[in-house]
Every structure is written in C-alpha cells, then in structure tokens.
file structure-v1.pdb (PDB, C-alpha atoms)
ATOM      1  CA  MET A   1       4.849  -3.354  -6.958
ATOM      2  CA  THR A   2       5.836  -6.155  -4.649
ATOM      3  CA  LEU A   3       4.873  -6.991  -1.134
ATOM      4  CA  TYR A   4       8.200  -5.564   0.035
ATOM      5  CA  SER A   5       8.107  -2.113  -1.518
ATOM      6  CA  LYS A   6       5.927   0.946  -1.640
ATOM      7  CA  PRO A   7       5.630   3.868  -4.034
ATOM      8  CA  THR A   8       7.532   6.995  -3.081
ATOM      9  CA  ARG A   9       8.069  10.437  -4.514
ATOM     10  CA  THR A  10      10.165  13.328  -3.291
ATOM     11  CA  LEU A  11      10.617  17.012  -3.952
ATOM     12  CA  THR A  12      13.222  17.974  -6.512
ATOM     13  CA  LEU A  13      15.608  20.862  -6.081
ATOM     14  CA  ASP A  14      13.539  22.826  -8.604
ATOM     15  CA  GLY A  15      10.384  22.180  -6.581
ATOM     16  CA  ALA A  16      12.127  23.140  -3.357
ATOM     17  CA  LEU A  17      13.394  26.388  -4.878
ATOM     18  CA  LYS A  18       9.903  27.283  -6.144
ATOM     19  CA  ALA A  19       8.504  26.609  -2.661
ATOM     20  CA  LEU A  20      11.261  28.707  -1.109
ATOM     21  CA  GLU A  21      10.599  31.600  -3.509
ATOM     22  CA  ALA A  22       6.865  31.537  -2.738
ATOM     23  CA  ALA A  23       7.488  31.438   1.007
ATOM     24  CA  ILE A  24       9.919  34.356   0.765
ATOM     25  CA  ALA A  25       7.356  36.339  -1.224
ATOM     26  CA  GLU A  26       4.701  35.708   1.452
ATOM     27  CA  SER A  27       7.125  36.656   4.210
ATOM     28  CA  LYS A  28       7.869  39.936   2.414
ATOM     29  CA  ARG A  29       4.144  40.546   1.908
ATOM     30  CA  LEU A  30       3.651  40.156   5.682
ATOM     31  CA  GLY A  31       6.626  42.400   6.388
ATOM     32  CA  LYS A  32       8.146  39.685   8.589
ATOM     33  CA  PRO A  33      11.642  38.456   7.685
ATOM     34  CA  MET A  34      11.848  34.704   8.177
ATOM     35  CA  CYS A  35      14.111  31.697   8.099
ATOM     36  CA  ILE A  36      12.620  29.187   5.662
ATOM     37  CA  SER A  37      13.569  25.530   5.216
ATOM     38  CA  VAL A  38      12.486  23.060   2.551
ATOM     39  CA  VAL A  39      13.324  19.375   3.008
ATOM     40  CA  ASP A  40      12.769  16.176   1.034
ATOM     41  CA  THR A  41      10.850  13.068   2.100
ATOM     42  CA  GLY A  42      13.652  11.951   4.409
ATOM     43  CA  GLY A  43      13.982  15.334   6.089
ATOM     44  CA  ASN A  44      17.158  16.243   4.191
ATOM     45  CA  LEU A  45      17.634  19.947   3.537
ATOM     46  CA  LEU A  46      17.043  20.948  -0.104
ATOM     47  CA  ALA A  47      16.703  24.721   0.145
ATOM     48  CA  PHE A  48      17.073  27.314   2.874
ATOM     49  CA  ALA A  49      16.989  31.090   3.260
ATOM     50  CA  ARG A  50      17.658  33.332   6.215
ATOM     51  CA  MET A  51      16.145  36.671   5.290
ATOM     52  CA  ASP A  52      17.809  39.868   6.486
ATOM     53  CA  GLY A  53      16.369  40.744   9.889
ATOM     54  CA  SER A  54      15.176  37.239  10.782
ATOM     55  CA  LYS A  55      16.056  35.707  14.134
ATOM     56  CA  ALA A  56      19.334  33.747  14.191
ATOM     57  CA  LEU A  57      17.914  30.920  16.325
ATOM     58  CA  SER A  58      15.119  30.447  13.806
ATOM     59  CA  VAL A  59      17.694  28.831  11.508
ATOM     60  CA  ILE A  60      17.527  25.815  13.827
ATOM     61  CA  SER A  61      13.818  25.901  14.618
ATOM     62  CA  ALA A  62      12.733  26.321  10.977
ATOM     63  CA  THR A  63      14.860  23.361   9.942
ATOM     64  CA  ASN A  64      13.571  21.231  12.830
ATOM     65  CA  LYS A  65       9.984  22.169  11.937
ATOM     66  CA  ALA A  66      10.533  21.056   8.329
ATOM     67  CA  VAL A  67      12.159  17.779   9.373
ATOM     68  CA  THR A  68       9.360  17.090  11.882
ATOM     69  CA  ALA A  69       6.625  17.804   9.320
ATOM     70  CA  ALA A  70       8.255  15.636   6.645
ATOM     71  CA  LEU A  71       8.894  12.663   8.918
ATOM     72  CA  SER A  72       5.581  12.812  10.790
ATOM     73  CA  GLY A  73       3.383  13.699   7.823
ATOM     74  CA  VAL A  74       1.423  16.294   9.781
ATOM     75  CA  PRO A  75       1.855  20.019  10.443
ATOM     76  CA  THR A  76       3.948  20.925  13.461
ATOM     77  CA  GLY A  77       2.132  22.201  16.522
ATOM     78  CA  GLY A  78      -0.574  19.535  16.530
ATOM     79  CA  ALA A  79       0.642  17.478  19.469
ATOM     80  CA  HIS A  80      -0.998  18.231  22.793
ATOM     81  CA  ALA A  81       1.024  20.437  25.131
ATOM     82  CA  ASP A  82       1.000  17.660  27.752
ATOM     83  CA  VAL A  83       3.299  15.441  25.655
ATOM     84  CA  GLU A  84       5.394  17.799  23.561
ATOM     85  CA  LEU A  85       8.392  17.933  25.907
ATOM     86  CA  GLN A  86       8.482  14.151  26.328
ATOM     87  CA  VAL A  87       8.277  13.511  22.576
ATOM     88  CA  SER A  88      10.992  16.054  21.893
ATOM     89  CA  MET A  89      13.281  14.476  24.464
ATOM     90  CA  ALA A  90      12.554  10.972  23.164
ATOM     91  CA  SER A  91      13.644  12.070  19.684
ATOM     92  CA  ASP A  92      16.906  13.622  20.884
ATOM     93  CA  CYS A  93      15.311  17.082  20.450
ATOM     94  CA  ARG A  94      14.985  16.606  16.676
ATOM     95  CA  TRP A  95      11.164  16.770  16.848
ATOM     96  CA  THR A  96       9.464  20.079  17.519
ATOM     97  CA  ASN A  97       5.896  21.088  18.200
ATOM     98  CA  LEU A  98       6.408  24.737  17.295
ATOM     99  CA  ILE A  99       3.851  25.912  14.731
ATOM    100  CA  GLY A 100       5.112  26.596  11.233
ATOM    101  CA  GLY A 101       6.066  23.336   9.529
ATOM    102  CA  ILE A 102       3.797  21.775   6.910
ATOM    103  CA  PRO A 103       4.325  18.570   4.960
ATOM    104  CA  VAL A 104       4.148  18.739   1.198
ATOM    105  CA  MET A 105       1.658  15.928   0.600
ATOM    106  CA  VAL A 106       0.228  15.110  -2.824
ATOM    107  CA  ASP A 107      -2.142  12.189  -3.434
ATOM    108  CA  GLY A 108      -1.436  10.875   0.059
ATOM    109  CA  LEU A 109       2.338  10.735  -0.474
ATOM    110  CA  ILE A 110       4.702  12.972   1.463
ATOM    111  CA  LEU A 111       7.154  14.682  -0.890
ATOM    112  CA  GLY A 112       8.909  16.751   1.773
ATOM    113  CA  ALA A 113       8.045  19.769   3.893
ATOM    114  CA  VAL A 114       8.265  23.557   4.119
ATOM    115  CA  ALA A 115       8.739  25.435   7.377
ATOM    116  CA  ALA A 116       9.255  28.997   8.514
ATOM    117  CA  GLY A 117      10.378  30.660  11.707
ATOM    118  CA  SER A 118      10.872  34.155  13.166
ATOM    119  CA  GLY A 119       7.235  35.248  13.281
ATOM    120  CA  THR A 120       4.346  34.178  15.455
ATOM    121  CA  GLY A 121       3.071  30.636  14.983
ATOM    122  CA  PRO A 122       0.226  31.794  12.716
ATOM    123  CA  GLU A 123       2.629  33.872  10.609
ATOM    124  CA  ASP A 124       5.121  31.011  10.318
ATOM    125  CA  LEU A 125       2.364  28.641   9.224
ATOM    126  CA  GLN A 126       1.042  31.152   6.681
ATOM    127  CA  VAL A 127       4.496  31.477   5.109
ATOM    128  CA  ALA A 128       5.057  27.706   5.088
ATOM    129  CA  ARG A 129       1.650  27.130   3.479
ATOM    130  CA  ALA A 130       2.476  29.666   0.763
ATOM    131  CA  GLY A 131       5.575  27.651  -0.042
ATOM    132  CA  ALA A 132       3.762  24.317  -0.084
ATOM    133  CA  ALA A 133       0.946  25.738  -2.209
ATOM    134  CA  VAL A 134       3.168  26.044  -5.294
ATOM    135  CA  ILE A 135       3.400  22.261  -5.478
ATOM    136  CA  GLU A 136       0.450  21.199  -7.613
ATOM    137  CA  GLY A 137      -2.142  19.219  -5.668
ATOM    138  CA  ALA A 138      -0.509  19.799  -2.260
ATOM    139  CA  ASN A 139      -2.711  19.253   0.783
ATOM    140  CA  MET A 140      -2.960  22.535   2.695
ATOM    141  CA  PHE A 141      -4.169  20.847   5.908
ATOM    142  CA  GLU A 142      -7.039  23.328   6.180
ATOM    143  CA  ASP A 143      -8.507  21.435   9.168
ATOM    144  CA  PHE A 144      -5.264  21.607  11.209
ATOM    145  CA  VAL A 145      -5.815  22.669  14.822
ATOM    146  CA  PRO A 146      -2.687  23.291  16.915
ATOM    147  CA  MET A 147      -2.727  21.996  20.474
ATOM    148  CA  GLY A 148       0.783  22.725  21.739
ATOM    149  CA  ALA A 149       2.015  25.060  24.435
ATOM    150  CA  GLU A 150       2.606  27.779  21.840
ATOM    151  CA  ASP A 151      -1.066  27.923  20.805
ATOM    152  CA  THR A 152      -2.754  27.176  24.134
ATOM    153  CA  GLY A 153      -1.215  30.141  25.921
ATOM    154  CA  ILE A 154       1.013  28.000  28.131
ATOM    155  CA  ILE A 155       3.867  29.995  26.619
ATOM    156  CA  ARG A 156       2.867  33.512  27.596
ATOM    157  CA  GLY A 157       2.666  36.034  24.799
ATOM    158  CA  SER A 158       2.686  33.491  21.975
ATOM    159  CA  ALA A 159       0.150  32.971  19.229
ATOM    160  CA  PRO A 160      -1.869  36.162  19.699
ATOM    161  CA  ASP A 161      -4.042  35.160  16.761
ATOM    162  CA  PRO A 162      -5.776  31.802  16.364
ATOM    163  CA  VAL A 163      -4.036  29.434  13.968
ATOM    164  CA  ARG A 164      -6.271  27.839  11.340
TER     165      ARG A 164
END

call {"tool": "encode", "arguments": {"input": "structure-v1.pdb", "output": "structure tokens"}}
result
Amino acid sequence: MTLYSKPTRTLTLDGALKALEAAIAESKRLGKPMCISVVDTGGNLLAFARMDGSKALSVISATNKAVTAALSGVPTGGAHADVELQVSMASDCRWTNLIGGIPVMVDGLILGAVAAGSGTGPEDLQVARAGAAVIEGANMFEDFVPMGAEDTGIIRGSAPDPVR
C-alpha cells in the first residue's frame, strides 16, 4: 500500500441479494411490508424490493437512508434534531436522518449499507439490521442512539417504541 491509496472492499451483488432476502424475511416476520434498499460503498444501488403493501414514498426514503448510511458510515437517525434540516439542505436533500439505514461495516471498512422504510423507525432499523447481519462480521451498531426529530417526539406520533 502506498501513501496515496487505502484498502477498500464493497458488497457484491450476491451479498446484496442475501441481505435483501434476510431483510424481506424480517419484514414478513413483523407483518410490515417494506421498501428495502441495499447499496455499495459509493451509495450505488445494488438491490431493491418494494413489498406489496409498502408505502410508495418509502421507495425514495429507503434509498436515501441506504445512501446516507453508506457514505457517512453511521446509522441514519443519529444526528441531533437541531441540525438535521440544515444538513439535509446542504447535501441537496440526499442525506436523511430518518431511522432505518445501517452501514454494512466489517473490520472497520464500509462495504455498503442496508435500509428499510414503511414502518416506524424502530421497525425499519430492525429490518435493516436483519439484512446487514447476513454479512459475516458486520457491525450491528448495538450502541446506536437516535437523536433526530423522528425519535425525540418532535415529529408527533413517530417512534412509539425506543430505538436501540
């Protein structure tokens, strides 16, 4: 390795499809149809599913959650509510703080991300984690604490259950 390069790895299509299958299975187990996106290291879409009965607008939010998680390297929903609108606007609305995107990180390297939408924040995160969990050695971000408007109650009626 030289001074001008760094090691990288990325999800393969096979890995993305396995993650998608696991996320779909978890969504079915919950009885909540979801939109699920899996992206590579650069935030490029590898696999996507819109389950029957999921919300049409969640196609966009699930993809934005996956892109945000992959490019930031942290689960979505962790930015404080006081800055989420400004950061979203500064990124041409490509960044989101909605809960439900999780990076696929193995040995400190981001391989991509999995995200879900159409449920509550806790449900979306649970489905995304199920997808990421099929990648051997993936960090599940067990200590993640959301701080956005969705989790703090600023958005009325959201996140009825604590996200952990």

call {"tool": "closest_residue", "arguments": {"input": "structure-v1.pdb", "among": "A:Arg129, A:Arg9, A:Arg94, A:Lys65", "to": "A:Glu142", "atoms": "only C-alpha atoms"}}
result
A:Arg129

call {"tool": "residues_around", "arguments": {"input": "structure-v1.pdb", "residues": "A:Met147", "least_positions_apart": "5", "cutoff": "7 Å", "atoms": "all atoms listed in the file", "output": "PyMOL selection string"}}
result
chain A and resi 77-81+152

call {"tool": "write_last_selection", "arguments": {"input": "structure-v1.pdb", "atoms": "C-alpha atoms", "output": "PDB file, keeping the file's coordinate frame"}}
result
ATOM      1  CA  GLY A  77       2.132  22.201  16.522  1.00  0.00           C
ATOM      2  CA  GLY A  78      -0.574  19.535  16.530  1.00  0.00           C
ATOM      3  CA  ALA A  79       0.642  17.478  19.469  1.00  0.00           C
ATOM      4  CA  HIS A  80      -0.998  18.231  22.793  1.00  0.00           C
ATOM      5  CA  ALA A  81       1.024  20.437  25.131  1.00  0.00           C
ATOM      6  CA  THR A 152      -2.754  27.176  24.134  1.00  0.00           C
TER       7      THR A 152
END

call {"tool": "closest_residue", "arguments": {"input": "structure-v1.pdb", "among": "A:Val127, A:Val74, A:Val39, A:Ala138", "to": "A:Gly112", "atoms": "all atoms listed in the file"}}
result
A:Val39

call {"tool": "closest_residue", "arguments": {"input": "structure-v1.pdb", "among": "A:Gly148, A:Ser54, A:Ala23, A:Gly137", "to": "A:Leu125", "atoms": "only C-alpha atoms"}}
result
A:Ala23

call {"tool": "closest_residue", "arguments": {"input": "structure-v1.pdb", "among": "A:Val114, A:Ile102, A:Met89, A:Ile24", "to": "A:Leu46", "atoms": "all atoms listed in the file"}}
result
A:Val114

call {"tool": "atom_distance", "arguments": {"input": "structure-v1.pdb", "atom1": "atom CA of A:Thr41", "atom2": "atom CA of A:Lys6"}}
result
13.6 Å

call {"tool": "resolve_selection", "arguments": {"input": "structure-v1.pdb", "expression": "the PyMOL selection byres ((chain A and resi 141) around 12)", "output": "ChimeraX atom specification"}}
result
/A:69,73-76,78,101-106,108,125-126,128-129,132-133,137-140,142-146,163-164

call {"tool": "atom_distance", "arguments": {"input": "structure-v1.pdb", "atom1": "atom CA of A:Leu11", "atom2": "atom CA of A:Glu150"}}
result
29.1 Å

call {"tool": "atom_distance", "arguments": {"input": "structure-v1.pdb", "atom1": "atom CA of A:Pro122", "atom2": "atom CA of A:Lys55"}}
result
16.4 Å

call {"tool": "resolve_selection", "arguments": {"input": "structure-v1.pdb", "expression": "the PyMOL selection byres ((chain A and resi 60) around 12)", "output": "list in words"}}
result
Met34, Cys35, Ile36, Ser37, Leu45, Phe48, Ala49, Arg50, Lys55, Ala56, Leu57, Ser58, Val59, Ser61, Ala62, Thr63, Asn64, Lys65, Ala66, Val67, Cys93, Arg94, Trp95, Thr96, Leu98, Ala115, Ala116, Gly117 and Ser118 of chain A

call {"tool": "resolve_selection", "arguments": {"input": "structure-v1.pdb", "expression": "the PyMOL selection byres ((chain A and resi 13-19) around 6)", "output": "list in words"}}
result
Leu11, Thr12, Leu20, Glu21, Ala22, Val38, Ala47, Gly131, Ala132 and Val134 of chain A

call {"tool": "write_last_selection", "arguments": {"input": "structure-v1.pdb", "atoms": "C-alpha atoms", "output": "CSV table (one decimal), in the frame of the given file"}}
result
chain,number,residue,atom,x,y,z
A,11,LEU,CA,10.6,17.0,-4.0
A,12,THR,CA,13.2,18.0,-6.5
A,20,LEU,CA,11.3,28.7,-1.1
A,21,GLU,CA,10.6,31.6,-3.5
A,22,ALA,CA,6.9,31.5,-2.7
A,38,VAL,CA,12.5,23.1,2.6
A,47,ALA,CA,16.7,24.7,0.1
A,131,GLY,CA,5.6,27.7,0.0
A,132,ALA,CA,3.8,24.3,-0.1
A,134,VAL,CA,3.2,26.0,-5.3
